[in-house]
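The structure appears right after this line, and notes come after that.
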Amino acid sequence: METQAHTVGGLLRDWRARRRLSQLDLACEAEVSTRHLSFIECGRASPSRDLLMRLAEPLAMPLRAQNELLVAAGFAPVHRESPMDAPDMAAARAAVQGVLAAQSPFPALAVDRHWNLVLANAAAEALLAGADPQLRVAPVNVLRATLHPLGLAGAIVNLAEWRHHVLARLKGEVDRCADPVLAALHEELSALPCPASRHPPVPVARFAVPLVVRDPAGEGVLSFLSTTSVFGTATDVTLAELTLECFYPADESTRRVLLGRA
């Protein structure tokens, strides 16, 4: 559901609907009267900065959305948005680089809120190198490079299962954040052709969906389990929206192959 009005009231109504909260629910959580909340939503009352931040918390609004809410009310945003190469972000960038380096020889990468590649270790770059050059022009969208027929799709053994997993996760992000760029990406990727699966799920799929790809070096297949990490206490928008994806061997043969190359 896209935001229809960028007024304070319109934004609050949209986020309430997204979180399935009534005015009474939100008013109780934010410790404000239902009457006052109703007046804010219909434009008859002007909320303070503190009240808006109290309302944003039970709505689980991302930092970017909190800034948008404050700006709509005439206040300055409270959460800064710094580029990753800014001096103030040096410690965060070093932390990300440290995680990616420590993950080697297994793939790991960092993406922004739209799944555009920010950083990657050598193992992840080797996998992405199998995508067509036009899909590797910056900004590289990792999901598009993975599921596009000119990308890694042809090398993914369990493409149907992995595609379903990726699209379900992306749809969850669209529902949670109402980002129109993510919504357009979900629509685009959903329309890509995908053959029916001819491969039975491997045993590990009983507790997680693995990524099973043909080894770019021609040594059979590689199976990975993925984990996601975020900065849980970030107050900068850029850092809060950064996601680290680390891939671990899903079987002993994959582990041996990659450790052998290292």
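Chain labels A, B, ... are given in the sequence in which chains occur in the structure tokens; within each chain residues are numbered consecutively from 1, and ligands are likewise numbered from 1 in the order shown.
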Looking only at strand (DSSP E) from DSSP on the backbone, list the matching residues of stretch 14-200 of chain A as a PDB file with N, CA and C atoms, in the first residue's frame.
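Written out: selection.pdb:
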```pdb
ATOM      1  N   ALA A 108      30.155 -13.185   1.121  1.00  0.00           N
ATOM      2  CA  ALA A 108      29.464 -12.230   1.991  1.00  0.00           C
ATOM      3  C   ALA A 108      29.406 -10.895   1.272  1.00  0.00           C
ATOM      4  N   LEU A 109      28.310 -10.187   1.466  1.00  0.00           N
ATOM      5  CA  LEU A 109      28.150  -8.879   0.828  1.00  0.00           C
ATOM      6  C   LEU A 109      27.267  -7.988   1.676  1.00  0.00           C
ATOM      7  N   ALA A 110      27.338  -6.695   1.413  1.00  0.00           N
ATOM      8  CA  ALA A 110      26.505  -5.705   2.085  1.00  0.00           C
ATOM      9  C   ALA A 110      25.675  -4.983   1.036  1.00  0.00           C
ATOM     10  N   VAL A 111      24.385  -4.801   1.328  1.00  0.00           N
ATOM     11  CA  VAL A 111      23.480  -4.144   0.384  1.00  0.00           C
ATOM     12  C   VAL A 111      22.728  -3.022   1.082  1.00  0.00           C
ATOM     13  N   LEU A 117      24.278  -3.322  -4.318  1.00  0.00           N
ATOM     14  CA  LEU A 117      25.528  -3.752  -3.703  1.00  0.00           C
ATOM     15  C   LEU A 117      26.324  -2.556  -3.186  1.00  0.00           C
ATOM     16  N   VAL A 118      26.767  -2.663  -1.941  1.00  0.00           N
ATOM     17  CA  VAL A 118      27.613  -1.645  -1.322  1.00  0.00           C
ATOM     18  C   VAL A 118      29.048  -2.145  -1.213  1.00  0.00           C
ATOM     19  N   LEU A 119      29.216  -3.341  -0.658  1.00  0.00           N
ATOM     20  CA  LEU A 119      30.525  -3.966  -0.519  1.00  0.00           C
ATOM     21  C   LEU A 119      30.369  -5.469  -0.681  1.00  0.00           C
ATOM     22  N   ALA A 120      31.446  -6.132  -1.080  1.00  0.00           N
ATOM     23  CA  ALA A 120      31.425  -7.592  -1.216  1.00  0.00           C
ATOM     24  C   ALA A 120      32.835  -8.121  -1.035  1.00  0.00           C
TER      25      ALA A 120
END
```
Q) If you count only C-alpha atoms, which residues fall within 8 Å of stretch 140-145 of chain A, apart from same-chain ones fewer than 6 positions away, as number ranges by chain? A) A: 111, 114-117, 128, 131, 151-152, 166, 189
Q.
If I take atom CA of A:Phe106 and atom CA of A:Glu161, how far is one from the other in Å, to one decimal?
A.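 Pair atom CA of A:Phe106 / atom CA of A:Glu161 returns 21.6 Å.
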Q: Mind checking which residues fall within 6 Å of stretch 40-47 of chain A, counting only C-alpha atoms, ignoring those fewer than 2 positions away in the same chain, and posting them as a PyMOL selection string?
A: chain A and resi 9+37-38
Q: Give me, please, the distance in Å between atom CA of A:Ser33 and atom CA of A:Leu63, quoted to one decimal.
A: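 Atom-to-atom, atom CA of A:Ser33 to atom CA of A:Leu63, that is 24.8 Å.
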(Q) Based on the backbone DSSP call, show me all residues of stretch 43-234 of chain A assigned alpha helix (DSSP H), as a PyMOL selection string. (A) chain A and resi 49-56+63-72+90-103+122-128+142-147+159-177+180-190
Q.
Let me make sure I understand: among A:Arg49, A:His79, A:Arg176, A:His165, which one has the smallest atom-to-atom distance to A:Leu211 if we use only C-alpha atoms?
A. A:His165
Hey, what's within 9 Å of A:Glu241 if we count only C-alpha atoms and toss same-chain stuff fewer than 5 positions away? As an mmCIF file with all heavy atoms, in the first residue's frame, please?
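Final file, part24.cif:
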```
data_model
loop_
_atom_site.group_PDB
_atom_site.id
_atom_site.type_symbol
_atom_site.label_atom_id
_atom_site.label_comp_id
_atom_site.auth_asym_id
_atom_site.auth_seq_id
_atom_site.Cartn_x
_atom_site.Cartn_y
_atom_site.Cartn_z
ATOM 1 N N PRO A 62 10.553 2.894 10.292
ATOM 2 C CA PRO A 62 11.994 3.002 10.038
ATOM 3 C C PRO A 62 12.462 4.444 10.204
ATOM 4 O O PRO A 62 11.665 5.387 10.177
ATOM 5 C CB PRO A 62 12.129 2.535 8.589
ATOM 6 C CG PRO A 62 10.873 1.772 8.296
ATOM 7 C CD PRO A 62 9.810 2.401 9.129
ATOM 8 N N LEU A 63 13.766 4.622 10.366
ATOM 9 C CA LEU A 63 14.306 5.965 10.597
ATOM 10 C C LEU A 63 13.952 6.914 9.460
ATOM 11 O O LEU A 63 13.627 8.078 9.692
ATOM 12 C CB LEU A 63 15.829 5.899 10.757
ATOM 13 C CG LEU A 63 16.365 5.024 11.902
ATOM 14 C CD1 LEU A 63 17.862 5.252 12.068
ATOM 15 C CD2 LEU A 63 15.630 5.285 13.203
ATOM 16 N N ARG A 64 13.998 6.432 8.229
ATOM 17 C CA ARG A 64 13.664 7.278 7.085
ATOM 18 C C ARG A 64 12.213 7.758 7.176
ATOM 19 O O ARG A 64 11.903 8.927 6.900
ATOM 20 C CB ARG A 64 13.890 6.526 5.777
ATOM 21 C CG ARG A 64 13.644 7.333 4.523
ATOM 22 C CD ARG A 64 13.929 6.519 3.271
ATOM 23 N NE ARG A 64 15.322 6.100 3.210
ATOM 24 C CZ ARG A 64 16.303 6.858 2.732
ATOM 25 N NH1 ARG A 64 16.039 8.070 2.277
ATOM 26 N NH2 ARG A 64 17.540 6.398 2.699
ATOM 27 N N VAL A 111 24.385 -4.801 1.328
ATOM 28 C CA VAL A 111 23.480 -4.144 0.384
ATOM 29 C C VAL A 111 22.728 -3.022 1.082
ATOM 30 O O VAL A 111 22.587 -3.016 2.313
ATOM 31 C CB VAL A 111 22.469 -5.150 -0.218
ATOM 32 C CG1 VAL A 111 23.180 -6.204 -1.046
ATOM 33 C CG2 VAL A 111 21.635 -5.818 0.883
ATOM 34 N N ASP A 112 22.240 -2.071 0.291
ATOM 35 C CA ASP A 112 21.446 -0.987 0.851
ATOM 36 C C ASP A 112 19.972 -1.386 0.885
ATOM 37 O O ASP A 112 19.622 -2.537 0.626
ATOM 38 C CB ASP A 112 21.670 0.314 0.069
ATOM 39 C CG ASP A 112 21.192 0.245 -1.384
ATOM 40 O OD1 ASP A 112 20.429 -0.688 -1.740
ATOM 41 O OD2 ASP A 112 21.573 1.129 -2.183
ATOM 42 N N ARG A 113 19.097 -0.445 1.170
ATOM 43 C CA ARG A 113 17.677 -0.749 1.372
ATOM 44 C C ARG A 113 16.999 -1.257 0.103
ATOM 45 O O ARG A 113 15.944 -1.893 0.175
ATOM 46 C CB ARG A 113 16.929 0.476 1.892
ATOM 47 C CG ARG A 113 16.860 1.641 0.909
ATOM 48 C CD ARG A 113 16.342 2.889 1.590
ATOM 49 N NE ARG A 113 16.323 4.024 0.703
ATOM 50 C CZ ARG A 113 15.236 4.621 0.260
ATOM 51 N NH1 ARG A 113 14.040 4.153 0.606
ATOM 52 N NH2 ARG A 113 15.304 5.672 -0.525
ATOM 53 N N HIS A 114 17.582 -0.979 -1.059
ATOM 54 C CA HIS A 114 17.002 -1.434 -2.325
ATOM 55 C C HIS A 114 17.744 -2.630 -2.896
ATOM 56 O O HIS A 114 17.572 -2.965 -4.055
ATOM 57 C CB HIS A 114 16.979 -0.285 -3.335
ATOM 58 C CG HIS A 114 16.069 0.831 -2.936
ATOM 59 N ND1 HIS A 114 16.325 2.156 -3.210
ATOM 60 C CD2 HIS A 114 14.879 0.815 -2.268
ATOM 61 C CE1 HIS A 114 15.343 2.911 -2.734
ATOM 62 N NE2 HIS A 114 14.457 2.124 -2.154
ATOM 63 N N VAL A 230 22.190 -6.903 10.695
ATOM 64 C CA VAL A 230 21.949 -5.467 10.577
ATOM 65 C C VAL A 230 22.538 -4.787 11.805
ATOM 66 O O VAL A 230 22.847 -5.429 12.810
ATOM 67 C CB VAL A 230 20.440 -5.136 10.477
ATOM 68 C CG1 VAL A 230 19.836 -5.722 9.221
ATOM 69 C CG2 VAL A 230 19.688 -5.628 11.720
ATOM 70 N N PHE A 231 22.710 -3.464 11.718
ATOM 71 C CA PHE A 231 23.142 -2.681 12.867
ATOM 72 C C PHE A 231 21.911 -2.375 13.717
ATOM 73 O O PHE A 231 21.116 -1.498 13.377
ATOM 74 C CB PHE A 231 23.824 -1.391 12.412
ATOM 75 C CG PHE A 231 25.215 -1.602 11.872
ATOM 76 C CD1 PHE A 231 25.416 -1.949 10.540
ATOM 77 C CD2 PHE A 231 26.317 -1.458 12.695
ATOM 78 C CE1 PHE A 231 26.697 -2.146 10.046
ATOM 79 C CE2 PHE A 231 27.601 -1.660 12.214
ATOM 80 C CZ PHE A 231 27.794 -2.005 10.888
ATOM 81 N N ALA A 234 21.575 1.406 15.180
ATOM 82 C CA ALA A 234 21.943 2.503 14.281
ATOM 83 C C ALA A 234 20.997 3.688 14.445
ATOM 84 O O ALA A 234 19.782 3.518 14.573
ATOM 85 C CB ALA A 234 21.921 2.022 12.837
ATOM 86 N N ASP A 236 21.813 6.432 12.295
ATOM 87 C CA ASP A 236 21.994 7.017 10.972
ATOM 88 C C ASP A 236 21.159 6.214 9.979
ATOM 89 O O ASP A 236 21.167 4.981 9.996
ATOM 90 C CB ASP A 236 23.473 6.979 10.578
ATOM 91 C CG ASP A 236 23.744 7.689 9.260
ATOM 92 O OD1 ASP A 236 23.466 7.097 8.203
ATOM 93 O OD2 ASP A 236 24.232 8.833 9.291
#
```
Q. How many Å lie between atom CA of A:Val257 and atom CA of A:Asp132, rounded to one decimal?
A. 24.9 Å
12 Å contact set for A:Ala65, only C-alpha atoms, chain neighbours under 6 positions out, as an mmCIF file with N, CA and C atoms, in the first residue's frame:
```cif
data_model
loop_
_atom_site.group_PDB
_atom_site.id
_atom_site.type_symbol
_atom_site.label_atom_id
_atom_site.label_comp_id
_atom_site.auth_asym_id
_atom_site.auth_seq_id
_atom_site.Cartn_x
_atom_site.Cartn_y
_atom_site.Cartn_z
ATOM 1 N N THR A 3 1.740 5.320 0.248
ATOM 2 C CA THR A 3 1.238 6.482 0.966
ATOM 3 C C THR A 3 0.478 7.393 0.014
ATOM 4 N N HIS A 6 1.064 12.992 2.032
ATOM 5 C CA HIS A 6 2.266 13.210 2.826
ATOM 6 C C HIS A 6 2.014 14.237 3.916
ATOM 7 N N VAL A 8 0.874 14.869 7.957
ATOM 8 C CA VAL A 8 1.090 14.105 9.192
ATOM 9 C C VAL A 8 -0.044 13.118 9.393
ATOM 10 N N LEU A 11 0.086 10.227 6.846
ATOM 11 C CA LEU A 11 1.164 9.288 7.137
ATOM 12 C C LEU A 11 0.819 8.409 8.326
ATOM 13 N N LEU A 12 0.275 9.001 9.365
ATOM 14 C CA LEU A 12 -0.095 8.213 10.547
ATOM 15 C C LEU A 12 -1.179 7.193 10.217
ATOM 16 N N ASP A 14 -1.769 5.829 7.315
ATOM 17 C CA ASP A 14 -1.188 4.775 6.480
ATOM 18 C C ASP A 14 -0.379 3.788 7.316
ATOM 19 N N TRP A 15 0.429 4.319 8.222
ATOM 20 C CA TRP A 15 1.251 3.423 9.035
ATOM 21 C C TRP A 15 0.406 2.643 10.039
ATOM 22 N N LEU A 52 5.247 13.045 18.144
ATOM 23 C CA LEU A 52 5.441 12.307 16.893
ATOM 24 C C LEU A 52 6.421 11.146 17.088
ATOM 25 N N MET A 53 7.470 11.381 17.853
ATOM 26 C CA MET A 53 8.428 10.311 18.103
ATOM 27 C C MET A 53 7.804 9.217 18.961
ATOM 28 N N LEU A 55 4.628 8.400 18.836
ATOM 29 C CA LEU A 55 3.722 7.693 17.928
ATOM 30 C C LEU A 55 4.500 6.781 16.980
ATOM 31 N N ALA A 56 5.687 7.218 16.589
ATOM 32 C CA ALA A 56 6.480 6.431 15.642
ATOM 33 C C ALA A 56 6.962 5.121 16.241
ATOM 34 N N GLU A 57 7.179 5.095 17.549
ATOM 35 C CA GLU A 57 7.738 3.891 18.169
ATOM 36 C C GLU A 57 6.808 2.685 18.082
ATOM 37 N N LEU A 59 4.492 2.223 16.050
ATOM 38 C CA LEU A 59 4.265 1.959 14.633
ATOM 39 C C LEU A 59 5.476 1.295 13.973
ATOM 40 N N VAL A 71 9.243 15.963 9.010
ATOM 41 C CA VAL A 71 9.266 17.000 7.979
ATOM 42 C C VAL A 71 7.851 17.403 7.594
ATOM 43 N N ALA A 72 6.951 16.422 7.521
ATOM 44 C CA ALA A 72 5.556 16.726 7.182
ATOM 45 C C ALA A 72 4.915 17.632 8.225
ATOM 46 N N PRO A 77 14.399 16.881 10.353
ATOM 47 C CA PRO A 77 14.608 15.447 10.629
ATOM 48 C C PRO A 77 15.628 15.265 11.741
ATOM 49 N N VAL A 78 15.459 14.223 12.542
ATOM 50 C CA VAL A 78 16.364 13.986 13.662
ATOM 51 C C VAL A 78 17.427 12.949 13.326
ATOM 52 N N HIS A 79 17.182 12.129 12.292
ATOM 53 C CA HIS A 79 18.134 11.081 11.938
ATOM 54 C C HIS A 79 18.895 11.507 10.687
ATOM 55 N N ARG A 176 6.258 -4.181 5.000
ATOM 56 C CA ARG A 176 6.730 -3.571 6.247
ATOM 57 C C ARG A 176 7.113 -2.109 6.068
ATOM 58 N N CYS A 177 7.713 -1.774 4.917
ATOM 59 C CA CYS A 177 8.262 -0.433 4.729
ATOM 60 C C CYS A 177 7.507 0.423 3.716
ATOM 61 N N ALA A 178 6.670 -0.198 2.885
ATOM 62 C CA ALA A 178 5.904 0.532 1.862
ATOM 63 C C ALA A 178 6.815 1.334 0.946
ATOM 64 N N ASP A 179 7.954 0.772 0.599
ATOM 65 C CA ASP A 179 8.903 1.452 -0.277
ATOM 66 C C ASP A 179 8.496 1.209 -1.734
ATOM 67 N N VAL A 237 20.449 6.894 9.095
ATOM 68 C CA VAL A 237 19.547 6.228 8.160
ATOM 69 C C VAL A 237 20.295 5.241 7.274
ATOM 70 N N ALA A 240 21.278 2.186 9.274
ATOM 71 C CA ALA A 240 20.104 1.414 9.676
ATOM 72 C C ALA A 240 19.555 0.591 8.523
ATOM 73 N N GLU A 241 19.763 1.076 7.294
ATOM 74 C CA GLU A 241 19.228 0.393 6.119
ATOM 75 C C GLU A 241 20.230 -0.572 5.478
#
```
Each residue of stretch 28-97 of chain A with at least one atom at most 12 Å from stretch 243-255 of chain A should appear once, together with its nearest atom pair and the corresponding distance in Å (one decimal); atoms considered: only C-alpha atoms; ordering: chain, then increasing residue number; output as a Markdown table.
```
| residue | atom | partner | partner_atom | distance |
| --- | --- | --- | --- | --- |
| A:Arg93 | CA | A:Leu244 | CA | 11.8 |
| A:Ala95 | CA | A:Leu244 | CA | 11.0 |
| A:Val96 | CA | A:Leu244 | CA | 7.8 |
| A:Gln97 | CA | A:Leu244 | CA | 10.3 |
```
Q) Looking at only C-alpha atoms, which of A:Val213, A:Ala91, A:Ala168, A:Leu69 is the one that sits closest to A:Gly130? A)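 Comparing A:Val213, A:Ala91, A:Ala168, A:Leu69 against A:Gly130, the winner is A:Val213.
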Q: Point out the residue among A:Leu100, A:Leu159, A:Ala73, A:Cys28 with the least atom-to-atom distance to A:Asp50, counting only C-alpha atoms.
A: A:Ala73
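For the set A:Met84, A:Ser48, A:Arg18, A:Pro193, the residue with the smallest atom-to-atom gap to A:Asp175 is A:Arg18, counting only C-alpha atoms.
The closest residue to A:Pro107, picked from A:Ala122, A:Leu150, A:Ala138, A:Leu182 and counting only C-alpha atoms, is A:Ala122.
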